[in-house]
$ cat upload_39.cif   # mmCIF, C-alpha atoms and all ligand atoms
data_input
#
loop_
_atom_site.group_PDB
_atom_site.id
_atom_site.type_symbol
_atom_site.label_atom_id
_atom_site.label_comp_id
_atom_site.auth_asym_id
_atom_site.auth_seq_id
_atom_site.Cartn_x
_atom_site.Cartn_y
_atom_site.Cartn_z
ATOM 1 C CA MET T 1 -41.277 102.250 168.446
ATOM 2 C CA ASP T 2 -39.226 102.444 165.279
ATOM 3 C CA LYS T 3 -36.037 104.470 165.034
ATOM 4 C CA TYR T 4 -37.563 107.562 163.441
ATOM 5 C CA LYS T 5 -40.419 107.656 165.972
ATOM 6 C CA LYS T 6 -37.846 107.563 168.778
ATOM 7 C CA ILE T 7 -35.848 110.397 167.191
ATOM 8 C CA SER T 8 -39.030 112.467 166.791
ATOM 9 C CA PHE T 9 -39.935 111.835 170.420
ATOM 10 C CA VAL T 10 -36.550 113.146 171.596
ATOM 11 C CA LEU T 11 -36.856 116.188 169.314
ATOM 12 C CA ILE T 12 -40.339 117.013 170.630
ATOM 13 C CA LEU T 13 -39.102 116.809 174.235
ATOM 14 C CA VAL T 14 -36.219 119.155 173.414
ATOM 15 C CA LEU T 15 -38.591 121.462 171.511
ATOM 16 C CA VAL T 16 -40.887 121.845 174.526
ATOM 17 C CA ALA T 17 -37.875 122.471 176.770
ATOM 18 C CA ASN T 18 -36.527 125.126 174.386
ATOM 19 C CA ILE T 19 -39.852 126.970 174.210
ATOM 20 C CA ILE T 20 -39.982 127.154 178.018
ATOM 21 C CA VAL T 21 -36.388 128.429 178.187
ATOM 22 C CA ALA T 22 -36.979 130.973 175.396
ATOM 23 C CA ALA T 23 -40.098 132.425 177.015
ATOM 24 C CA THR T 24 -38.363 132.720 180.394
ATOM 25 C CA LYS T 25 -35.353 134.504 178.918
ATOM 26 C CA ILE T 26 -37.315 136.957 176.761
ATOM 27 C CA VAL T 27 -39.654 137.985 179.599
ATOM 28 C CA LEU T 28 -36.795 138.306 182.070
ATOM 29 C CA GLY T 29 -34.661 140.167 179.545
ATOM 30 C CA TYR T 30 -37.374 142.788 179.021
ATOM 31 C CA LEU T 31 -38.075 143.126 182.747
ATOM 32 C CA LEU T 32 -34.397 143.599 183.585
ATOM 33 C CA LYS T 33 -33.601 145.601 180.427
ATOM 34 C CA LEU T 34 -30.806 143.119 179.853
ATOM 35 C CA ASN T 35 -30.248 142.998 176.103
ATOM 36 C CA SER T 36 -27.958 140.002 176.119
ATOM 37 C CA LEU T 37 -30.606 137.968 177.940
ATOM 38 C CA THR T 38 -33.390 139.024 175.545
ATOM 39 C CA ALA T 39 -31.109 138.219 172.611
ATOM 40 C CA ASP T 40 -30.344 134.871 174.179
ATOM 41 C CA GLY T 41 -34.084 134.285 174.495
ATOM 42 C CA PHE T 42 -34.687 135.035 170.828
ATOM 43 C CA HIS T 43 -31.804 132.765 170.065
ATOM 44 C CA ALA T 44 -33.565 130.042 172.051
ATOM 45 C CA ILE T 45 -36.531 130.537 169.690
ATOM 46 C CA SER T 46 -34.221 129.760 166.798
ATOM 47 C CA ASP T 47 -33.377 126.588 168.725
ATOM 48 C CA SER T 48 -37.031 125.613 168.465
ATOM 49 C CA THR T 49 -36.844 126.292 164.723
ATOM 50 C CA SER T 50 -33.860 123.977 164.573
ATOM 51 C CA ASN T 51 -35.855 121.274 166.391
ATOM 52 C CA VAL T 52 -38.781 121.736 163.985
ATOM 53 C CA ILE T 53 -36.474 121.433 160.958
ATOM 54 C CA GLY T 54 -35.096 118.264 162.538
ATOM 55 C CA LEU T 55 -38.620 116.914 163.017
ATOM 56 C CA ILE T 56 -39.558 117.635 159.391
ATOM 57 C CA GLY T 57 -36.315 116.050 158.150
ATOM 58 C CA VAL T 58 -36.858 112.935 160.241
ATOM 59 C CA LYS T 59 -40.474 112.670 159.101
ATOM 60 C CA LEU T 60 -39.428 112.847 155.429
ATOM 61 C CA ALA T 61 -36.485 110.485 155.969
ATOM 62 C CA SER T 62 -38.688 107.845 157.570
ATOM 63 C CA LYS T 63 -40.554 107.154 154.328
ATOM 64 C CA PRO T 64 -39.583 103.760 152.904
ATOM 65 C CA ALA T 65 -37.950 103.468 149.492
ATOM 66 C CA ASP T 66 -40.395 103.751 146.605
ATOM 67 C CA GLU T 67 -40.283 103.481 142.844
ATOM 68 C CA LYS T 68 -39.148 107.071 142.390
ATOM 69 C CA HIS T 69 -36.645 106.948 145.288
ATOM 70 C CA PRO T 70 -35.154 103.450 145.185
ATOM 71 C CA TYR T 71 -32.323 104.446 147.554
ATOM 72 C CA GLY T 72 -34.813 105.537 150.211
ATOM 73 C CA HIS T 73 -35.262 108.965 151.756
ATOM 74 C CA GLN T 74 -32.584 108.960 154.470
ATOM 75 C CA LYS T 75 -30.770 111.917 152.944
ATOM 76 C CA PHE T 76 -33.620 114.142 154.115
ATOM 77 C CA GLU T 77 -32.109 113.696 157.559
ATOM 78 C CA THR T 78 -28.744 114.803 156.179
ATOM 79 C CA ILE T 79 -30.332 117.856 154.543
ATOM 80 C CA ALA T 80 -32.089 118.776 157.803
ATOM 81 C CA SER T 81 -28.784 118.425 159.619
ATOM 82 C CA MET T 82 -27.140 120.685 157.032
ATOM 83 C CA ILE T 83 -29.805 123.366 157.512
ATOM 84 C CA ILE T 84 -29.180 123.198 161.282
ATOM 85 C CA GLY T 85 -25.492 123.787 160.517
ATOM 86 C CA PHE T 86 -26.253 126.805 158.311
ATOM 87 C CA MET T 87 -28.537 128.225 161.009
ATOM 88 C CA LEU T 88 -25.642 128.080 163.451
ATOM 89 C CA ILE T 89 -23.547 130.106 161.004
ATOM 90 C CA LEU T 90 -26.307 132.744 160.939
ATOM 91 C CA ILE T 91 -26.423 132.734 164.741
ATOM 92 C CA SER T 92 -22.673 133.296 164.986
ATOM 93 C CA PHE T 93 -22.865 136.136 162.428
ATOM 94 C CA ASN T 94 -25.621 137.685 164.526
ATOM 95 C CA ILE T 95 -23.439 137.522 167.648
ATOM 96 C CA ILE T 96 -20.549 139.118 165.738
ATOM 97 C CA TYR T 97 -22.887 141.822 164.403
ATOM 98 C CA ASN T 98 -24.132 142.653 167.910
ATOM 99 C CA ALA T 99 -20.576 142.801 169.218
ATOM 100 C CA ILE T 100 -19.644 145.292 166.487
ATOM 101 C CA ILE T 101 -22.775 147.343 167.260
ATOM 102 C CA TRP T 102 -21.659 147.439 170.900
ATOM 103 C CA PHE T 103 -18.443 149.201 169.911
ATOM 104 C CA ILE T 104 -20.467 151.814 168.013
ATOM 105 C CA ASN T 105 -23.033 152.247 170.778
ATOM 106 C CA PRO T 106 -21.877 150.788 174.120
ATOM 107 C CA ILE T 107 -24.536 149.944 176.713
ATOM 108 C CA THR T 108 -23.725 148.752 180.207
ATOM 109 C CA PRO T 109 -26.194 146.070 181.254
ATOM 110 C CA SER T 110 -27.945 146.446 184.587
ATOM 111 C CA ILE T 111 -27.919 143.200 186.455
ATOM 112 C CA ASP T 112 -29.040 141.756 189.755
ATOM 113 C CA PHE T 113 -28.540 138.551 191.624
ATOM 114 C CA SER T 114 -31.901 136.962 190.760
ATOM 115 C CA SER T 115 -31.368 137.208 187.005
ATOM 116 C CA LEU T 116 -27.953 135.630 187.399
ATOM 117 C CA ILE T 117 -29.602 132.706 189.184
ATOM 118 C CA THR T 118 -32.134 132.348 186.342
ATOM 119 C CA ILE T 119 -29.406 132.221 183.712
ATOM 120 C CA ILE T 120 -27.462 129.669 185.739
ATOM 121 C CA ILE T 121 -30.573 127.492 185.956
ATOM 122 C CA THR T 122 -31.123 127.660 182.178
ATOM 123 C CA LEU T 123 -27.438 126.888 181.755
ATOM 124 C CA PHE T 124 -27.797 123.628 183.674
ATOM 125 C CA PHE T 125 -30.928 122.976 181.682
ATOM 126 C CA ASN T 126 -28.873 123.406 178.485
ATOM 127 C CA ILE T 127 -26.197 120.991 179.666
ATOM 128 C CA PHE T 128 -28.816 118.392 180.516
ATOM 129 C CA VAL T 129 -30.587 118.757 177.153
ATOM 130 C CA ALA T 130 -27.314 118.698 175.176
ATOM 131 C CA ILE T 131 -26.052 115.546 176.892
ATOM 132 C CA TYR T 132 -29.411 113.772 176.598
ATOM 133 C CA GLU T 133 -29.771 114.684 172.929
ATOM 134 C CA TYR T 134 -26.212 113.664 172.090
ATOM 135 C CA LYS T 135 -26.539 110.309 173.878
ATOM 136 C CA MET T 136 -29.809 109.550 172.104
ATOM 137 C CA GLY T 137 -28.253 110.680 168.813
ATOM 138 C CA LYS T 138 -25.377 108.230 169.245
ATOM 139 C CA LYS T 139 -27.706 105.468 170.399
ATOM 140 C CA LEU T 140 -30.133 105.935 167.504
ATOM 141 C CA ASN T 141 -27.389 106.781 164.982
ATOM 142 C CA SER T 142 -29.211 109.986 164.118
ATOM 143 C CA GLU T 143 -27.389 112.817 162.344
ATOM 144 C CA VAL T 144 -30.156 115.268 163.148
ATOM 145 C CA LEU T 145 -30.046 114.555 166.878
ATOM 146 C CA ILE T 146 -26.266 114.793 166.977
ATOM 147 C CA SER T 147 -26.288 118.075 165.008
ATOM 148 C CA ASP T 148 -29.036 119.493 167.175
ATOM 149 C CA SER T 149 -27.142 118.487 170.316
ATOM 150 C CA ILE T 150 -24.028 120.254 168.991
ATOM 151 C CA HIS T 151 -26.257 123.295 168.556
ATOM 152 C CA THR T 152 -27.545 122.935 172.132
ATOM 153 C CA ARG T 153 -23.961 122.613 173.326
ATOM 154 C CA SER T 154 -23.058 125.887 171.625
ATOM 155 C CA ASP T 155 -26.065 127.425 173.403
ATOM 156 C CA PHE T 156 -24.423 126.335 176.609
ATOM 157 C CA PHE T 157 -21.336 128.356 175.656
ATOM 158 C CA ILE T 158 -23.502 131.358 174.810
ATOM 159 C CA SER T 159 -25.238 131.242 178.216
ATOM 160 C CA LEU T 160 -21.909 130.700 179.925
ATOM 161 C CA GLY T 161 -20.621 133.801 178.134
ATOM 162 C CA VAL T 162 -23.542 135.832 179.503
ATOM 163 C CA ILE T 163 -22.812 134.635 183.047
ATOM 164 C CA ILE T 164 -19.085 135.353 182.824
ATOM 165 C CA THR T 165 -19.856 138.808 181.406
ATOM 166 C CA ILE T 166 -22.211 139.603 184.295
ATOM 167 C CA VAL T 167 -19.768 138.352 186.923
ATOM 168 C CA LEU T 168 -16.825 140.248 185.430
ATOM 169 C CA ILE T 169 -18.747 143.504 184.985
ATOM 170 C CA ASN T 170 -19.980 143.238 188.589
ATOM 171 C CA ALA T 171 -16.402 142.652 189.684
ATOM 172 C CA GLY T 172 -15.459 145.961 188.085
ATOM 173 C CA VAL T 173 -14.035 144.762 184.777
ATOM 174 C CA SER T 174 -14.634 147.151 181.858
ATOM 175 C CA PRO T 175 -17.949 146.464 180.028
ATOM 176 C CA THR T 176 -15.831 146.011 176.893
ATOM 177 C CA ILE T 177 -15.570 142.426 178.098
ATOM 178 C CA ASP T 178 -19.148 141.914 176.797
ATOM 179 C CA PRO T 179 -18.392 142.227 173.048
ATOM 180 C CA VAL T 180 -14.978 140.606 173.462
ATOM 181 C CA LEU T 181 -16.472 137.483 175.035
ATOM 182 C CA SER T 182 -19.237 137.557 172.420
ATOM 183 C CA LEU T 183 -16.652 137.355 169.649
ATOM 184 C CA ILE T 184 -14.950 134.376 171.290
ATOM 185 C CA ILE T 185 -18.311 132.635 171.625
ATOM 186 C CA ALA T 186 -19.154 133.440 168.001
ATOM 187 C CA LEU T 187 -15.994 131.573 166.991
ATOM 188 C CA LEU T 188 -17.024 128.566 169.094
ATOM 189 C CA VAL T 189 -20.451 128.564 167.433
ATOM 190 C CA LEU T 190 -18.818 128.807 163.992
ATOM 191 C CA TYR T 191 -16.674 125.811 164.833
ATOM 192 C CA SER T 192 -19.779 123.825 165.837
ATOM 193 C CA ALA T 193 -21.381 124.745 162.511
ATOM 194 C CA TYR T 194 -18.265 123.548 160.717
ATOM 195 C CA LYS T 195 -18.416 120.176 162.483
ATOM 196 C CA ILE T 196 -22.074 119.668 161.557
ATOM 197 C CA LEU T 197 -21.592 120.730 157.923
ATOM 198 C CA LYS T 198 -18.485 118.580 157.514
ATOM 199 C CA THR T 199 -20.461 115.449 158.432
ATOM 200 C CA SER T 200 -23.516 116.244 156.327
ATOM 201 C CA PHE T 201 -21.475 117.250 153.276
ATOM 202 C CA SER T 202 -19.439 114.052 153.438
ATOM 203 C CA ILE T 203 -22.667 112.044 153.300
ATOM 204 C CA LEU T 204 -24.181 114.175 150.530
ATOM 205 C CA ILE T 205 -21.117 113.837 148.305
ATOM 206 C CA ASP T 206 -20.991 110.084 148.971
ATOM 207 C CA GLU T 207 -17.735 109.970 150.880
ATOM 208 C CA LYS T 208 -16.693 106.374 151.634
ATOM 209 C CA ALA T 209 -18.716 105.042 154.560
ATOM 210 C CA ILE T 210 -16.337 102.173 155.410
ATOM 211 C CA ASN T 211 -12.625 101.810 154.640
ATOM 212 C CA GLN T 212 -12.039 99.705 151.531
ATOM 213 C CA GLU T 213 -9.189 97.845 153.234
ATOM 214 C CA ASP T 214 -11.397 96.928 156.208
ATOM 215 C CA ILE T 215 -14.045 95.416 153.947
ATOM 216 C CA LYS T 216 -11.442 93.509 151.954
ATOM 217 C CA LYS T 217 -9.736 92.169 155.075
ATOM 218 C CA VAL T 218 -12.979 90.904 156.627
ATOM 219 C CA ILE T 219 -13.949 88.989 153.481
ATOM 220 C CA LEU T 220 -10.516 87.544 152.674
ATOM 221 C CA ASN T 221 -9.922 86.515 156.300
ATOM 222 C CA THR T 222 -13.262 84.702 156.495
ATOM 223 C CA TYR T 223 -13.490 82.993 153.102
ATOM 224 C CA ASN T 224 -10.537 81.029 151.766
ATOM 225 C CA ASP T 225 -12.162 80.473 148.378
ATOM 226 C CA VAL T 226 -12.446 84.202 147.661
ATOM 227 C CA ILE T 227 -9.453 84.973 145.430
ATOM 228 C CA ASP T 228 -9.688 88.747 145.483
ATOM 229 C CA VAL T 229 -11.946 91.685 146.308
ATOM 230 C CA HIS T 230 -11.488 95.009 144.528
ATOM 231 C CA LYS T 231 -13.256 98.167 143.292
ATOM 232 C CA ILE T 232 -14.896 98.481 146.688
ATOM 233 C CA LYS T 233 -17.208 101.469 147.028
ATOM 234 C CA SER T 234 -19.289 102.348 150.064
ATOM 235 C CA ARG T 235 -21.544 105.279 150.763
ATOM 236 C CA GLY T 236 -24.460 106.309 152.930
ATOM 237 C CA HIS T 237 -25.120 106.561 156.638
ATOM 238 C CA ILE T 238 -23.506 105.027 159.669
ATOM 239 C CA GLU T 239 -26.609 102.890 160.122
ATOM 240 C CA TYR T 240 -27.491 102.176 156.506
ATOM 241 C CA THR T 241 -24.704 101.749 153.970
ATOM 242 C CA PHE T 242 -24.565 100.867 150.287
ATOM 243 C CA ILE T 243 -21.588 98.739 149.239
ATOM 244 C CA GLU T 244 -20.490 97.761 145.735
ATOM 245 C CA MET T 245 -17.534 95.524 144.941
ATOM 246 C CA HIS T 246 -15.932 93.074 142.550
ATOM 247 C CA ILE T 247 -15.279 89.608 143.927
ATOM 248 C CA VAL T 248 -12.969 87.143 142.162
ATOM 249 C CA LEU T 249 -14.039 83.515 142.693
ATOM 250 C CA PRO T 250 -12.700 80.219 141.301
ATOM 251 C CA SER T 251 -14.366 79.629 137.920
ATOM 252 C CA SER T 252 -15.197 76.096 139.067
ATOM 253 C CA LYS T 253 -17.913 77.418 141.424
ATOM 254 C CA ASN T 254 -21.488 77.055 140.241
ATOM 255 C CA VAL T 255 -24.152 79.745 140.388
ATOM 256 C CA THR T 256 -25.914 78.275 143.432
ATOM 257 C CA GLU T 257 -22.669 78.182 145.420
ATOM 258 C CA ILE T 258 -21.820 81.740 144.440
ATOM 259 C CA HIS T 259 -25.300 82.954 145.312
ATOM 260 C CA ASN T 260 -25.115 81.382 148.786
ATOM 261 C CA LEU T 261 -21.634 82.773 149.322
ATOM 262 C CA ILE T 262 -22.730 86.310 148.428
ATOM 263 C CA HIS T 263 -25.574 86.071 150.943
ATOM 264 C CA GLU T 264 -23.109 84.889 153.585
ATOM 265 C CA ILE T 265 -20.763 87.771 152.788
ATOM 266 C CA HIS T 266 -23.678 90.178 153.044
ATOM 267 C CA GLU T 267 -24.572 88.900 156.517
ATOM 268 C CA LEU T 268 -20.919 88.889 157.551
ATOM 269 C CA LEU T 269 -20.532 92.562 156.589
ATOM 270 C CA GLU T 270 -23.723 93.561 158.410
ATOM 271 C CA ILE T 271 -22.543 91.868 161.599
ATOM 272 C CA GLU T 272 -18.944 93.050 161.292
ATOM 273 C CA PHE T 273 -19.815 96.704 160.620
ATOM 274 C CA ASN T 274 -22.970 96.657 162.759
ATOM 275 C CA ARG T 275 -25.405 98.252 160.326
ATOM 276 C CA LYS T 276 -27.907 97.519 157.591
ATOM 277 C CA ILE T 277 -26.091 97.062 154.292
ATOM 278 C CA GLU T 278 -27.265 97.009 150.690
ATOM 279 C CA LEU T 279 -24.706 94.894 148.858
ATOM 280 C CA ASN T 280 -24.148 94.824 145.119
ATOM 281 C CA VAL T 281 -21.509 92.394 143.858
ATOM 282 C CA HIS T 282 -19.906 91.917 140.463
ATOM 283 C CA ILE T 283 -18.482 88.394 140.093
ATOM 284 C CA GLU T 284 -15.278 87.637 138.197
ATOM 285 C CA PRO T 285 -13.810 84.221 137.459
ATOM 286 C CA GLY T 286 -10.251 83.557 138.600
ATOM 287 C CA GLU T 287 -8.003 80.528 138.574
ATOM 288 C CA ILE T 288 -5.082 81.357 140.813
ATOM 289 C CA ASN T 289 -5.666 80.287 144.370
ATOM 290 C CA ARG T 290 -4.121 82.784 146.742
ATOM 291 C CA TYR T 291 -2.839 79.980 148.967
HETATM 292 ZN ZN ZN Q 301 -29.178 127.679 169.821
HETATM 293 ZN ZN ZN Q 302 -13.011 93.769 138.620
HETATM 294 ZN ZN ZN Q 303 -30.283 86.126 146.822
#
$ encode --input "upload_39.cif" --output "structure tokens" --more "lines below"
Ligand SMILES: [Zn+2]
Ligand SMILES: [Zn+2]
Ligand SMILES: [Zn+2]
Amino acid sequence: MDKYKKISFVLILVLVANIIVAATKIVLGYLLKLNSLTADGFHAISDSTSNVIGLIGVKLASKPADEKHPYGHQKFETIASMIIGFMLILISFNIIYNAIIWFINPITPSIDFSSLITIIITLFFNIFVAIYEYKMGKKLNSEVLISDSIHTRSDFFISLGVIITIVLINAGVSPTIDPVLSLIIALLVLYSAYKILKTSFSILIDEKAINQEDIKKVILNTYNDVIDVHKIKSRGHIEYTFIEMHIVLPSSKNVTEIHNLIHEIHELLEIEFNRKIELNVHIEPGEINRY
């Protein structure tokens, strides 16, 4: 299975899980007249939307480079990840909105032991999904999976908030704790959105993918006949990076030697930085040996 097929497989698994969780919460929320649980259920539907956006992004990103898109289509994954980030912002605004509404029209939720158990079960479910998704995201170097797992993790906080609210209200704490906890959770969700957007924006604006100094050091330490490396630019993904640079070589070298050397440097960089690299080198003649 290729990388994008694996990512899609993980996303489909998570999608099915989310649909089951959403349906359970909505039905239970209506039966128990527990608004926070119903809201949480509808939120879980937005999780499925997030998974679907991820799936579409991954599908588009998997297309190989073509004449019109010589740099490939990987940025579709970044765009999908960005949309997931924006959706989290909407979710946090929705939580804040509901908390404000509570102050205008306070409702005390009715709650029993069995619904608490159900929420705790979905909570564990959330933890499991978030950890699985994050691990697979790291393993497959997938922005979409990592973003979606950050989303799932914030769902964990939302469910946890519901549980704490129920426990505290049952223990006799003022129901005001409901909107107060909601606001805290909204901030956590906003922070998650920030983390996702920070990563996707840095890729979209072509932030350096590898430190210039690291690239320079690797080349100069390995090849004594390289006089200098400068104007190093790198951009792209953690698994697929474009690098441009100027390399100063002794003017005595012939074209065949230089060509072989550039191929060696290319391989060296791919091994050293553990990713696929597209290398573009500008050669300059130099006389001064650095030793
Ligand atoms: Zn969610
Ligand atoms: Zn130069
Ligand atoms: Zn070649």
$ residues_near_ligand --input "upload_39.cif" --ligand "ligand ZN 302 (chain Q)" --cutoff "7 Å" --atoms "only C-alpha atoms and all ligand atoms" --output "list of chain:residue names"
T:His230, T:Lys231, T:His246, T:Glu284
$ write_last_selection --input "upload_39.cif" --atoms "C-alpha atoms" --output "PDB file, in the frame of the given file"
ATOM      1  CA  HIS T 230     -11.488  95.009 144.528  1.00  0.00           C
ATOM      2  CA  LYS T 231     -13.256  98.167 143.292  1.00  0.00           C
ATOM      3  CA  HIS T 246     -15.932  93.074 142.550  1.00  0.00           C
ATOM      4  CA  GLU T 284     -15.278  87.637 138.197  1.00  0.00           C
TER       5      GLU T 284
END
$ closest_residue --input "upload_39.cif" --among "T:His282, T:Ile219, T:Glu264, T:Asn274" --to "ligand ZN 303 (chain Q)" --atoms "all atoms listed in the file"
T:Glu264
$ resolve_selection --input "upload_39.cif" --expression "the PyMOL selection byres (((not hetatm)) within 12 of (chain Q and resi 303))" --output "list in words"
Val255, Thr256, Glu257, Ile258, His259, Asn260, Leu261, Ile262, His263, Glu264, Ile265, His266, Glu267, Glu278, Leu279, Asn280 and Val281 of chain T
$ axis_aligned_box --input "upload_39.cif" --around "stretch 138-150 of chain T" --padding-each-side "8 Å" --output "lines of an AutoDock Vina configuration file"
center_x = -27.1
center_y = 112.9
center_z = 166.4
size_x = 22.1
size_y = 30.8
size_z = 24.1
$ atom_distance --input "upload_39.cif" --atom1 "atom CA of T:Ser46" --atom2 "atom CA of T:Leu60"
21.0 Å
$ atom_distance --input "upload_39.cif" --atom1 "atom CA of T:Thr176" --atom2 "atom CA of T:Gly161"
13.2 Å
$ resolve_selection --input "upload_39.cif" --expression "the PyMOL selection byres (((chain T and resi 101-103) around 12) and not hetatm)" --output "list in words"
Asn35, Ser36, Asn94, Ile95, Ile96, Tyr97, Asn98, Ala99, Ile100, Ile104, Asn105, Pro106, Ile107, Thr108, Pro109, Pro175, Thr176, Ile177, Asp178, Pro179, Val180, Leu181, Ser182 and Leu183 of chain T
$ residues_around --input "upload_39.cif" --residues "T:Ser149" --least-positions-apart "2" --cutoff "12 Å" --atoms "all atoms listed in the file" --output "ChimeraX atom specification"
/T:10-11,14-15,47,50-51,54,81,84-85,88,126-138,142-147,151-156,192-193,195-196
$ resolve_selection --input "upload_39.cif" --expression "the PyMOL selection byres (((chain T and resi 118) around 12) and not hetatm)" --output "VMD selection string"
chain T and resid 21 24 to 29 32 37 111 to 117 119 to 125 159 162 to 163
$ write_last_selection --input "upload_39.cif" --atoms "C-alpha atoms" --output "mmCIF file, in the coordinates of the input"
data_model
loop_
_atom_site.group_PDB
_atom_site.id
_atom_site.type_symbol
_atom_site.label_atom_id
_atom_site.label_comp_id
_atom_site.auth_asym_id
_atom_site.auth_seq_id
_atom_site.Cartn_x
_atom_site.Cartn_y
_atom_site.Cartn_z
ATOM 1 C CA VAL T 21 -36.388 128.429 178.187
ATOM 2 C CA THR T 24 -38.363 132.720 180.394
ATOM 3 C CA LYS T 25 -35.353 134.504 178.918
ATOM 4 C CA ILE T 26 -37.315 136.957 176.761
ATOM 5 C CA VAL T 27 -39.654 137.985 179.599
ATOM 6 C CA LEU T 28 -36.795 138.306 182.070
ATOM 7 C CA GLY T 29 -34.661 140.167 179.545
ATOM 8 C CA LEU T 32 -34.397 143.599 183.585
ATOM 9 C CA LEU T 37 -30.606 137.968 177.940
ATOM 10 C CA ILE T 111 -27.919 143.200 186.455
ATOM 11 C CA ASP T 112 -29.040 141.756 189.755
ATOM 12 C CA PHE T 113 -28.540 138.551 191.624
ATOM 13 C CA SER T 114 -31.901 136.962 190.760
ATOM 14 C CA SER T 115 -31.368 137.208 187.005
ATOM 15 C CA LEU T 116 -27.953 135.630 187.399
ATOM 16 C CA ILE T 117 -29.602 132.706 189.184
ATOM 17 C CA ILE T 119 -29.406 132.221 183.712
ATOM 18 C CA ILE T 120 -27.462 129.669 185.739
ATOM 19 C CA ILE T 121 -30.573 127.492 185.956
ATOM 20 C CA THR T 122 -31.123 127.660 182.178
ATOM 21 C CA LEU T 123 -27.438 126.888 181.755
ATOM 22 C CA PHE T 124 -27.797 123.628 183.674
ATOM 23 C CA PHE T 125 -30.928 122.976 181.682
ATOM 24 C CA SER T 159 -25.238 131.242 178.216
ATOM 25 C CA VAL T 162 -23.542 135.832 179.503
ATOM 26 C CA ILE T 163 -22.812 134.635 183.047
#
$ atom_distance --input "upload_39.cif" --atom1 "atom CA of T:Asp66" --atom2 "atom CA of T:Phe9"
25.2 Å
$ closest_residue --input "upload_39.cif" --among "T:Ser252, T:Asn141, T:Thr78, T:Ser92" --to "T:Lys198" --atoms "only C-alpha atoms"
T:Thr78
$ residues_around --input "upload_39.cif" --residues "T:Leu249" --least-positions-apart "3" --cutoff "8 Å" --atoms "all atoms listed in the file" --output "ChimeraX atom specification"
/T:225-228,253,283-287
$ write_last_selection --input "upload_39.cif" --atoms "C-alpha atoms" --output "short mmCIF file (atom, residue, chain, number, x, y, z; two decimals), in the coordinates of the input"
data_model
loop_
_atom_site.label_atom_id
_atom_site.label_comp_id
_atom_site.auth_asym_id
_atom_site.auth_seq_id
_atom_site.Cartn_x
_atom_site.Cartn_y
_atom_site.Cartn_z
CA ASP T 225 -12.16 80.47 148.38
CA VAL T 226 -12.45 84.20 147.66
CA ILE T 227 -9.45 84.97 145.43
CA ASP T 228 -9.69 88.75 145.48
CA LYS T 253 -17.91 77.42 141.42
CA ILE T 283 -18.48 88.39 140.09
CA GLU T 284 -15.28 87.64 138.20
CA PRO T 285 -13.81 84.22 137.46
CA GLY T 286 -10.25 83.56 138.60
CA GLU T 287 -8.00 80.53 138.57
#
$ closest_residue --input "upload_39.cif" --among "T:Leu90, T:Ile12, T:Leu197, T:Met245" --to "T:Ile56" --atoms "only C-alpha atoms"
T:Ile12
$ closest_residue --input "upload_39.cif" --among "T:Leu13, T:Ala39, T:Val248, T:Ile164" --to "ligand ZN 301 (chain Q)" --atoms "all atoms listed in the file"
T:Ala39
$ residues_around --input "upload_39.cif" --residues "T:Ser48" --least-positions-apart "4" --cutoff "7 Å" --atoms "all atoms listed in the file" --output "ChimeraX atom specification"
/T:15,18-19,44,52
$ closest_residue --input "upload_39.cif" --among "T:Tyr191, T:Phe93, T:Phe42, T:Phe76" --to "ligand ZN 301 (chain Q)" --atoms "all atoms listed in the file"
T:Phe42
$ closest_residue --input "upload_39.cif" --among "T:Pro250, T:Tyr4, T:Met82, T:Ile89" --to "ligand ZN 301 (chain Q)" --atoms "only C-alpha atoms and all ligand atoms"
T:Ile89
